[in-house]
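K.L.:
Sharing data_33.cif, mmCIF, C-alpha atoms:
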data_protein
loop_
_atom_site.group_PDB
_atom_site.id
_atom_site.type_symbol
_atom_site.label_atom_id
_atom_site.label_comp_id
_atom_site.auth_asym_id
_atom_site.auth_seq_id
_atom_site.Cartn_x
_atom_site.Cartn_y
_atom_site.Cartn_z
ATOM 1 C CA MET A 1 -4.732 -4.711 -14.674
ATOM 2 C CA SER A 2 -2.912 -1.389 -15.203
ATOM 3 C CA ILE A 3 -0.250 0.638 -13.445
ATOM 4 C CA ALA A 4 -1.679 2.911 -10.751
ATOM 5 C CA ALA A 5 -1.788 6.583 -11.719
ATOM 6 C CA HIS A 6 -1.320 9.585 -9.420
ATOM 7 C CA PRO A 7 -2.936 12.623 -11.079
ATOM 8 C CA ILE A 8 -2.141 14.978 -8.167
ATOM 9 C CA PRO A 9 1.553 16.016 -8.116
ATOM 10 C CA PHE A 10 3.495 14.980 -5.037
ATOM 11 C CA TRP A 11 4.444 18.552 -4.112
ATOM 12 C CA LEU A 12 0.773 19.569 -4.226
ATOM 13 C CA VAL A 13 -0.142 16.752 -1.833
ATOM 14 C CA ILE A 14 2.461 18.085 0.613
ATOM 15 C CA VAL A 15 1.161 21.645 0.341
ATOM 16 C CA ILE A 16 -2.453 20.566 0.850
ATOM 17 C CA LEU A 17 -1.629 18.547 3.956
ATOM 18 C CA LEU A 18 0.624 21.254 5.408
ATOM 19 C CA LEU A 19 -2.199 23.768 5.121
ATOM 20 C CA ALA A 20 -5.220 21.582 5.822
ATOM 21 C CA LEU A 21 -4.292 19.904 9.118
ATOM 22 C CA PRO A 22 -3.189 23.054 11.005
ATOM 23 C CA ALA A 23 -6.289 24.776 9.605
ATOM 24 C CA CYS A 24 -8.456 21.984 11.054
ATOM 25 C CA ALA A 25 -6.773 22.419 14.453
ATOM 26 C CA TYR A 26 -7.374 26.167 14.365
ATOM 27 C CA ALA A 27 -10.997 25.684 13.260
ATOM 28 C CA GLY A 28 -11.553 23.264 16.145
ATOM 29 C CA PHE A 29 -10.020 25.771 18.566
ATOM 30 C CA ARG A 30 -12.245 28.604 17.336
ATOM 31 C CA PHE A 31 -15.323 26.413 17.582
ATOM 32 C CA GLY A 32 -14.321 25.355 21.087
ATOM 33 C CA SER A 33 -13.837 28.963 22.111
ATOM 34 C CA PHE A 34 -17.350 29.719 20.890
ATOM 35 C CA GLU A 35 -18.722 26.770 22.877
ATOM 36 C CA LEU A 36 -16.850 27.878 25.976
ATOM 37 C CA ARG A 37 -18.263 31.406 25.806
ATOM 38 C CA ARG A 38 -21.756 30.064 25.217
ATOM 39 C CA HIS A 39 -21.601 27.858 28.298
ATOM 40 C CA ALA A 40 -19.726 30.330 30.476
ATOM 41 C CA ALA A 41 -22.710 30.595 32.806
ATOM 42 C CA GLY A 42 -22.957 26.829 33.265
ATOM 43 C CA ASP A 43 -21.483 24.527 35.886
ATOM 44 C CA ALA A 44 -17.691 25.005 35.788
ATOM 45 C CA SER A 45 -17.162 21.719 37.606
ATOM 46 C CA ALA A 46 -18.919 19.661 34.908
ATOM 47 C CA PRO A 47 -16.618 17.267 33.058
ATOM 48 C CA LEU A 48 -15.317 18.512 29.729
ATOM 49 C CA ALA A 49 -16.905 16.989 26.683
ATOM 50 C CA GLY A 50 -14.805 15.348 24.001
ATOM 51 C CA GLU A 51 -12.231 13.430 26.054
ATOM 52 C CA ALA A 52 -13.557 9.961 25.206
ATOM 53 C CA SER A 53 -14.233 10.826 21.565
ATOM 54 C CA LEU A 54 -10.744 12.322 21.138
ATOM 55 C CA GLY A 55 -9.044 9.244 22.570
ATOM 56 C CA ALA A 56 -11.131 6.858 20.475
ATOM 57 C CA LEU A 57 -10.592 8.854 17.302
ATOM 58 C CA LEU A 58 -6.827 9.120 17.776
ATOM 59 C CA ALA A 59 -6.638 5.382 18.478
ATOM 60 C CA LEU A 60 -8.596 4.641 15.304
ATOM 61 C CA LEU A 61 -6.397 7.052 13.352
ATOM 62 C CA GLY A 62 -3.268 5.332 14.614
ATOM 63 C CA LEU A 63 -4.674 1.956 13.574
ATOM 64 C CA LEU A 64 -5.538 3.220 10.082
ATOM 65 C CA LEU A 65 -2.126 4.839 9.622
ATOM 66 C CA GLY A 66 -0.325 1.718 10.831
ATOM 67 C CA PHE A 67 -2.136 -0.656 8.479
ATOM 68 C CA THR A 68 -1.821 1.748 5.516
ATOM 69 C CA PHE A 69 1.873 2.362 6.120
ATOM 70 C CA SER A 70 2.522 -1.373 6.347
ATOM 71 C CA ALA A 71 0.643 -2.004 3.094
ATOM 72 C CA THR A 72 2.441 0.711 1.130
ATOM 73 C CA LEU A 73 5.820 -0.423 2.475
ATOM 74 C CA ASN A 74 5.106 -3.975 1.309
ATOM 75 C CA TRP A 75 4.044 -2.667 -2.110
ATOM 76 C CA ARG A 76 7.263 -0.666 -2.419
ATOM 77 C CA GLU A 77 9.353 -3.709 -1.533
ATOM 78 C CA ALA A 78 7.422 -5.795 -4.074
ATOM 79 C CA SER A 79 8.018 -3.183 -6.794
ATOM 80 C CA THR A 80 11.741 -3.077 -6.004
ATOM 81 C CA ALA A 81 11.966 -6.878 -6.081
ATOM 82 C CA ALA A 82 10.072 -6.968 -9.398
ATOM 83 C CA VAL A 83 12.612 -4.604 -10.987
ATOM 84 C CA VAL A 84 15.522 -6.745 -9.752
ATOM 85 C CA GLU A 85 13.856 -9.931 -11.004
ATOM 86 C CA GLU A 86 13.167 -8.402 -14.399
ATOM 87 C CA GLY A 87 16.774 -7.250 -14.737
ATOM 88 C CA ALA A 88 17.976 -10.750 -13.917
ATOM 89 C CA ALA A 89 15.535 -12.330 -16.405
ATOM 90 C CA LEU A 90 16.615 -9.962 -19.186
ATOM 91 C CA GLY A 91 20.281 -10.654 -18.541
ATOM 92 C CA THR A 92 19.690 -14.418 -18.480
ATOM 93 C CA ALA A 93 17.747 -14.370 -21.757
ATOM 94 C CA PHE A 94 20.511 -12.328 -23.365
ATOM 95 C CA LEU A 95 23.184 -14.822 -22.282
ATOM 96 C CA ARG A 96 21.129 -17.805 -23.427
ATOM 97 C CA ALA A 97 20.796 -16.236 -26.868
ATOM 98 C CA ASP A 98 24.588 -16.350 -27.059
ATOM 99 C CA LEU A 99 24.348 -20.167 -27.200
ATOM 100 C CA LEU A 100 22.811 -19.998 -30.655
ATOM 101 C CA PRO A 101 24.985 -20.469 -33.739
ATOM 102 C CA GLU A 102 27.048 -17.499 -34.826
ATOM 103 C CA GLY A 103 24.885 -14.874 -36.478
ATOM 104 C CA ALA A 104 21.593 -16.434 -35.360
ATOM 105 C CA GLY A 105 21.577 -15.128 -31.812
ATOM 106 C CA ARG A 106 22.706 -11.553 -32.427
ATOM 107 C CA PRO A 107 19.347 -10.268 -33.814
ATOM 108 C CA LEU A 108 17.625 -11.723 -30.759
ATOM 109 C CA GLN A 109 20.171 -10.087 -28.461
ATOM 110 C CA GLU A 110 19.661 -6.754 -30.193
ATOM 111 C CA ALA A 111 15.893 -7.092 -29.783
ATOM 112 C CA LEU A 112 16.389 -7.862 -26.098
ATOM 113 C CA LEU A 113 18.604 -4.792 -25.702
ATOM 114 C CA GLU A 114 16.045 -2.585 -27.419
ATOM 115 C CA TYR A 115 13.321 -3.937 -25.153
ATOM 116 C CA THR A 116 15.429 -3.585 -22.005
ATOM 117 C CA ARG A 117 15.998 0.099 -22.731
ATOM 118 C CA THR A 118 12.237 0.656 -22.648
ATOM 119 C CA ARG A 119 12.014 -0.900 -19.179
ATOM 120 C CA VAL A 120 13.821 2.037 -17.555
ATOM 121 C CA ILE A 121 11.416 4.737 -16.381
ATOM 122 C CA PRO A 122 12.701 8.028 -17.878
ATOM 123 C CA ALA A 123 13.802 10.915 -15.669
ATOM 124 C CA GLY A 124 11.059 13.393 -14.838
ATOM 125 C CA HIS A 125 8.350 10.768 -15.256
ATOM 126 C CA ARG A 126 5.081 11.571 -13.492
ATOM 127 C CA ALA A 127 2.578 8.826 -12.847
ATOM 128 C CA THR A 128 -0.239 10.407 -14.827
ATOM 129 C CA ARG A 129 -2.364 8.171 -17.021
ATOM 130 C CA ALA A 130 -1.028 9.788 -20.214
ATOM 131 C CA GLN A 131 2.643 9.283 -19.301
ATOM 132 C CA ILE A 132 2.046 5.745 -18.061
ATOM 133 C CA ASP A 133 0.278 4.820 -21.296
ATOM 134 C CA ALA A 134 3.136 6.334 -23.338
ATOM 135 C CA VAL A 135 5.764 4.293 -21.457
ATOM 136 C CA LEU A 136 3.730 1.085 -21.759
ATOM 137 C CA ALA A 137 3.109 1.657 -25.473
ATOM 138 C CA ARG A 138 6.821 2.100 -26.158
ATOM 139 C CA SER A 139 7.613 -1.026 -24.152
ATOM 140 C CA ALA A 140 4.860 -3.057 -25.860
ATOM 141 C CA GLU A 141 6.195 -2.072 -29.264
ATOM 142 C CA ALA A 142 9.656 -3.386 -28.410
ATOM 143 C CA GLN A 143 8.196 -6.449 -26.699
ATOM 144 C CA ALA A 144 6.255 -7.384 -29.833
ATOM 145 C CA LYS A 145 9.573 -7.906 -31.638
ATOM 146 C CA LEU A 146 10.913 -10.443 -29.172
ATOM 147 C CA TRP A 147 9.008 -13.572 -30.117
ATOM 148 C CA PRO A 148 9.432 -13.100 -33.891
ATOM 149 C CA ALA A 149 13.172 -12.745 -33.178
ATOM 150 C CA VAL A 150 13.052 -15.992 -31.195
ATOM 151 C CA THR A 151 11.285 -17.928 -33.950
ATOM 152 C CA ALA A 152 13.708 -16.548 -36.555
ATOM 153 C CA ALA A 153 16.723 -17.543 -34.456
ATOM 154 C CA LEU A 154 15.552 -21.083 -33.633
ATOM 155 C CA THR A 155 16.273 -22.637 -36.991
ATOM 156 C CA PRO A 156 15.983 -26.410 -37.534
ATOM 157 C CA ASP A 157 19.743 -26.862 -37.188
ATOM 158 C CA VAL A 158 19.637 -25.600 -33.588
ATOM 159 C CA PRO A 159 19.557 -28.537 -31.130
ATOM 160 C CA GLY A 160 16.259 -29.077 -29.341
ATOM 161 C CA PRO A 161 17.624 -28.544 -25.810
ATOM 162 C CA VAL A 162 19.149 -25.225 -26.877
ATOM 163 C CA GLN A 163 15.856 -24.157 -28.442
ATOM 164 C CA THR A 164 14.019 -24.920 -25.195
ATOM 165 C CA PHE A 165 16.684 -23.137 -23.157
ATOM 166 C CA VAL A 166 16.575 -19.949 -25.256
ATOM 167 C CA ALA A 167 12.780 -19.863 -25.599
ATOM 168 C CA GLY A 168 12.399 -20.384 -21.842
ATOM 169 C CA GLY A 169 14.619 -17.398 -21.153
ATOM 170 C CA VAL A 170 12.510 -15.097 -23.331
ATOM 171 C CA THR A 171 9.317 -16.485 -21.803
ATOM 172 C CA GLU A 172 10.661 -15.602 -18.372
ATOM 173 C CA VAL A 173 11.253 -12.039 -19.616
ATOM 174 C CA LEU A 174 7.607 -11.792 -20.629
ATOM 175 C CA ASP A 175 6.507 -13.200 -17.276
ATOM 176 C CA ALA A 176 8.743 -10.701 -15.450
ATOM 177 C CA HIS A 177 6.944 -7.887 -17.262
ATOM 178 C CA SER A 178 3.604 -9.171 -15.967
ATOM 179 C CA ARG A 179 4.917 -9.401 -12.391
ATOM 180 C CA ARG A 180 6.288 -5.872 -12.546
ATOM 181 C CA VAL A 181 2.990 -4.474 -13.835
ATOM 182 C CA ALA A 182 1.134 -6.379 -11.108
ATOM 183 C CA ALA A 183 3.390 -4.891 -8.427
ATOM 184 C CA ALA A 184 3.000 -1.369 -9.859
ATOM 185 C CA SER A 185 -0.783 -1.660 -10.051
ATOM 186 C CA LYS A 186 -1.222 -1.727 -6.277
ATOM 187 C CA SER A 187 -2.185 1.628 -4.814
ATOM 188 C CA ILE A 188 -4.292 3.178 -2.080
ATOM 189 C CA SER A 189 -7.818 3.734 -3.315
ATOM 190 C CA VAL A 190 -9.480 7.135 -3.343
ATOM 191 C CA GLY A 191 -11.898 5.934 -0.659
ATOM 192 C CA ILE A 192 -9.063 4.938 1.697
ATOM 193 C CA TRP A 193 -7.305 8.263 1.131
ATOM 194 C CA GLY A 194 -10.577 10.038 1.891
ATOM 195 C CA LEU A 195 -10.959 8.055 5.114
ATOM 196 C CA LEU A 196 -7.382 8.839 6.183
ATOM 197 C CA ALA A 197 -7.765 12.545 5.404
ATOM 198 C CA PHE A 198 -11.113 12.763 7.206
ATOM 199 C CA SER A 199 -9.809 10.913 10.263
ATOM 200 C CA ALA A 200 -6.670 13.066 10.460
ATOM 201 C CA GLY A 201 -8.632 16.282 10.012
ATOM 202 C CA ALA A 202 -11.230 15.224 12.587
ATOM 203 C CA GLY A 203 -8.511 14.239 15.062
ATOM 204 C CA VAL A 204 -6.720 17.594 15.021
ATOM 205 C CA PHE A 205 -10.075 19.408 14.942
ATOM 206 C CA ILE A 206 -11.224 17.729 18.162
ATOM 207 C CA LEU A 207 -7.764 18.257 19.684
ATOM 208 C CA GLY A 208 -8.006 21.991 19.022
ATOM 209 C CA ASN A 209 -11.593 21.998 20.227
ATOM 210 C CA ARG A 210 -10.692 20.369 23.523
ATOM 211 C CA THR A 211 -7.811 22.787 24.042
ATOM 212 C CA ALA A 212 -10.277 25.680 23.831
ATOM 213 C CA LEU A 213 -12.798 23.967 26.112
ATOM 214 C CA GLN A 214 -10.079 23.629 28.747
ATOM 215 C CA GLY A 215 -9.595 27.390 28.610
ATOM 216 C CA ARG A 216 -6.085 27.140 27.216
ATOM 217 C CA ARG A 217 -4.519 28.801 24.215
ATOM 218 C CA LEU A 218 -3.674 26.953 21.016
ATOM 219 C CA THR A 219 0.011 26.227 21.554
ATOM 220 C CA TRP A 220 2.851 25.048 19.381
ATOM 221 C CA ARG A 221 2.341 21.499 20.656
ATOM 222 C CA THR A 222 -0.884 21.156 18.689
ATOM 223 C CA MET A 223 0.842 22.507 15.578
ATOM 224 C CA VAL A 224 3.719 20.053 16.045
ATOM 225 C CA PHE A 225 1.219 17.188 16.276
ATOM 226 C CA SER A 226 -0.341 18.411 13.012
ATOM 227 C CA LEU A 227 3.085 18.498 11.355
ATOM 228 C CA VAL A 228 3.972 15.006 12.589
ATOM 229 C CA LEU A 229 0.659 13.710 11.288
ATOM 230 C CA THR A 230 1.332 15.461 7.984
ATOM 231 C CA SER A 231 4.760 13.812 7.799
ATOM 232 C CA VAL A 232 3.229 10.361 8.281
ATOM 233 C CA LEU A 233 0.631 10.937 5.560
ATOM 234 C CA VAL A 234 3.284 12.331 3.188
ATOM 235 C CA THR A 235 5.485 9.278 3.835
ATOM 236 C CA ILE A 236 2.584 6.944 3.055
ATOM 237 C CA ASN A 237 1.882 8.842 -0.153
ATOM 238 C CA ASP A 238 5.581 8.771 -1.034
ATOM 239 C CA LEU A 239 5.782 4.994 -0.607
ATOM 240 C CA SER A 240 2.767 4.533 -2.875
ATOM 241 C CA ARG A 241 4.562 6.397 -5.712
ATOM 242 C CA ALA A 242 7.243 4.538 -7.642
ATOM 243 C CA SER A 243 8.787 7.360 -9.669
ATOM 244 C CA ASP A 244 7.924 10.872 -8.485
ATOM 245 C CA GLY A 245 8.283 11.099 -4.714
ATOM 246 C CA PHE A 246 11.125 11.687 -2.269
ATOM 247 C CA THR A 247 12.097 8.030 -2.631
ATOM 248 C CA THR A 248 11.684 6.127 -5.881
ATOM 249 C CA VAL A 249 12.055 2.519 -6.964
ATOM 250 C CA ARG A 250 15.698 2.157 -7.955
ATOM 251 C CA GLN A 251 16.332 0.727 -11.409
ATOM 252 C CA ASP A 252 20.025 -0.045 -11.003
ATOM 253 C CA ALA A 253 19.496 -3.713 -11.876
ATOM 254 C CA ILE A 254 18.058 -2.924 -15.320
ATOM 255 C CA ILE A 255 20.538 -0.101 -15.978
ATOM 256 C CA ALA A 256 23.413 -2.459 -15.169
ATOM 257 C CA THR A 257 21.886 -5.100 -17.465
ATOM 258 C CA ILE A 258 21.746 -2.572 -20.313
ATOM 259 C CA ALA A 259 25.417 -1.712 -19.773
ATOM 260 C CA ASP A 260 26.377 -5.405 -19.836
ATOM 261 C CA MET A 261 24.356 -5.997 -23.026
ATOM 262 C CA GLU A 262 25.897 -2.999 -24.779
ATOM 263 C CA ALA A 263 29.385 -4.102 -23.732
ATOM 264 C CA ALA A 264 28.751 -7.654 -24.975
ATOM 265 C CA LEU A 265 27.379 -6.546 -28.338
ATOM 266 C CA GLY A 266 30.100 -3.954 -28.737
ATOM 267 C CA GLY A 267 32.782 -6.501 -27.952
ATOM 268 C CA ALA A 268 31.275 -9.005 -30.402
ATOM 269 C CA ALA A 269 31.191 -6.359 -33.134
ATOM 270 C CA LEU A 270 34.793 -5.425 -32.427
ATOM 271 C CA ALA A 271 35.892 -9.078 -32.559
ATOM 272 C CA SER A 272 34.034 -9.578 -35.837
ATOM 273 C CA ALA A 273 35.695 -6.519 -37.339
ATOM 274 C CA ARG A 274 39.153 -7.815 -36.418
ATOM 275 C CA GLN A 275 38.644 -11.120 -38.232
ATOM 276 C CA PRO A 276 40.450 -11.270 -41.622
#
Go ahead and express the file in the form of structure tokens.
P.N.:
Amino acid sequence: MSIAAHPIPFWLVIVILLLALPACAYAGFRFGSFELRRHAAGDASAPLAGEASLGALLALLGLLLGFTFSATLNWREASTAAVVEEGAALGTAFLRADLLPEGAGRPLQEALLEYTRTRVIPAGHRATRAQIDAVLARSAEAQAKLWPAVTAALTPDVPGPVQTFVAGGVTEVLDAHSRRVAAASKSISVGIWGLLAFSAGAGVFILGNRTALQGRRLTWRTMVFSLVLTSVLVTINDLSRASDGFTTVRQDAIIATIADMEAALGGAALASARQP
């Protein structure tokens, strides 16, 4: 299981959709105009083709967009909850380490602080495979120091219940990492994106085609429908991205935990320096 990557930049997705859907509507209109001229000598009272197919396709498109939007919204909420849970687990493990004898718990707390700093996604992060691997490697390096710090801190003179309490806190930190990776690994597959793009393009194409078959001009209403459809697809894509869209997964819980850890360690160092 790995974090989902998004090789295409978010701004490029917006540009592609803004250009592609109106272009499909215009292409459908031009094709419909050609059909209308070709059948100009036919029966003018014959029913226009495409009404049933347009309605069915738009209904199917609405169903696909609804299910996809719901899925990505649930994934975003799960990612946000995973960040909050990890921040709480890190803070709890840090406080439990304070129960160890003086001097034994501080190295563990420092290791937890170092690890917590790696759990914040840096500014400007793009979800490419290279950047994701770099973030995970830095986090794994800090994570590898946690359990050795636990075993070094849990000396034989530490009471058994305290040992269990401290070790359980660090174990929960490791489990929180797994839950966060699992939440971040969920993404819309390339096949589903292809189906959505094809359905949206086909829908506006047939809409433009039917407009021409009715002998009307391609009006702003068709373009507005294309823009609304583009907005929905962009929103779905935005929700599937955790760090580089219009809305990102907030990391306030972990940032606040880092501030609390730094304040606690700084205060302990200051108190130690004041002792005669």
K.L.:
Convert the output of the PyMOL selection byres ((chain A and resi 226) around 12) on the shown file into explicit residues, formatted as a PyMOL selection string.
P.N.:
chain A and resi 17-26+200-205+207-208+219-225+227-233
K.L.:
I'd like the neighbourhood of range 4-8 of chain A as a PyMOL selection string, where a residue qualifies if any of its atoms comes within 6 Å (using all atoms listed in the file), though same-chain residues fewer than 3 positions away should be ignored.
P.N.:
chain A and resi 127-129+185
K.L.:
Go ahead and save the residues from that selection, with C-alpha atoms, as a CSV table (one decimal), keeping the file's coordinate frame.
P.N.:
chain,number,residue,atom,x,y,z
A,127,ALA,CA,2.6,8.8,-12.8
A,128,THR,CA,-0.2,10.4,-14.8
A,129,ARG,CA,-2.4,8.2,-17.0
A,185,SER,CA,-0.8,-1.7,-10.1
K.L.:
Which one is closest to Ser243 in chain A: A:Gly62, A:Gly191, A:Pro122, A:Gly169? Count only C-alpha atoms.
P.N.:
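Checking each candidate against Ser243 in chain A, we get A:Pro122 as the closest.
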K.L.:
How far is it from CA of Ala140 in chain A to CA of Ala71 in chain A, in Å with one decimal?
P.N.:
29.3 Å
K.L.:
Using only C-alpha atoms, find each residue in range 130-210 of chain A having at least one atom no more than 6 Å away from range 108-121 of chain A; report its shortest atom-to-atom pair and that distance in Å (one decimal), rows by chain then rising number, as a tab-separated table.
P.N.:
residue	atom	partner	partner_atom	distance
A:Ser139	CA	A:Thr118	CA	5.1
A:Ala142	CA	A:Tyr115	CA	4.9
A:Gln143	CA	A:Tyr115	CA	5.9
A:Ala149	CA	A:Leu108	CA	5.2
K.L.:
Just how far from CA of Ile255 in chain A is CA of Arg106 in chain A, in Å to one decimal?
P.N.:
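Distance between the two atoms: 20.2 Å.
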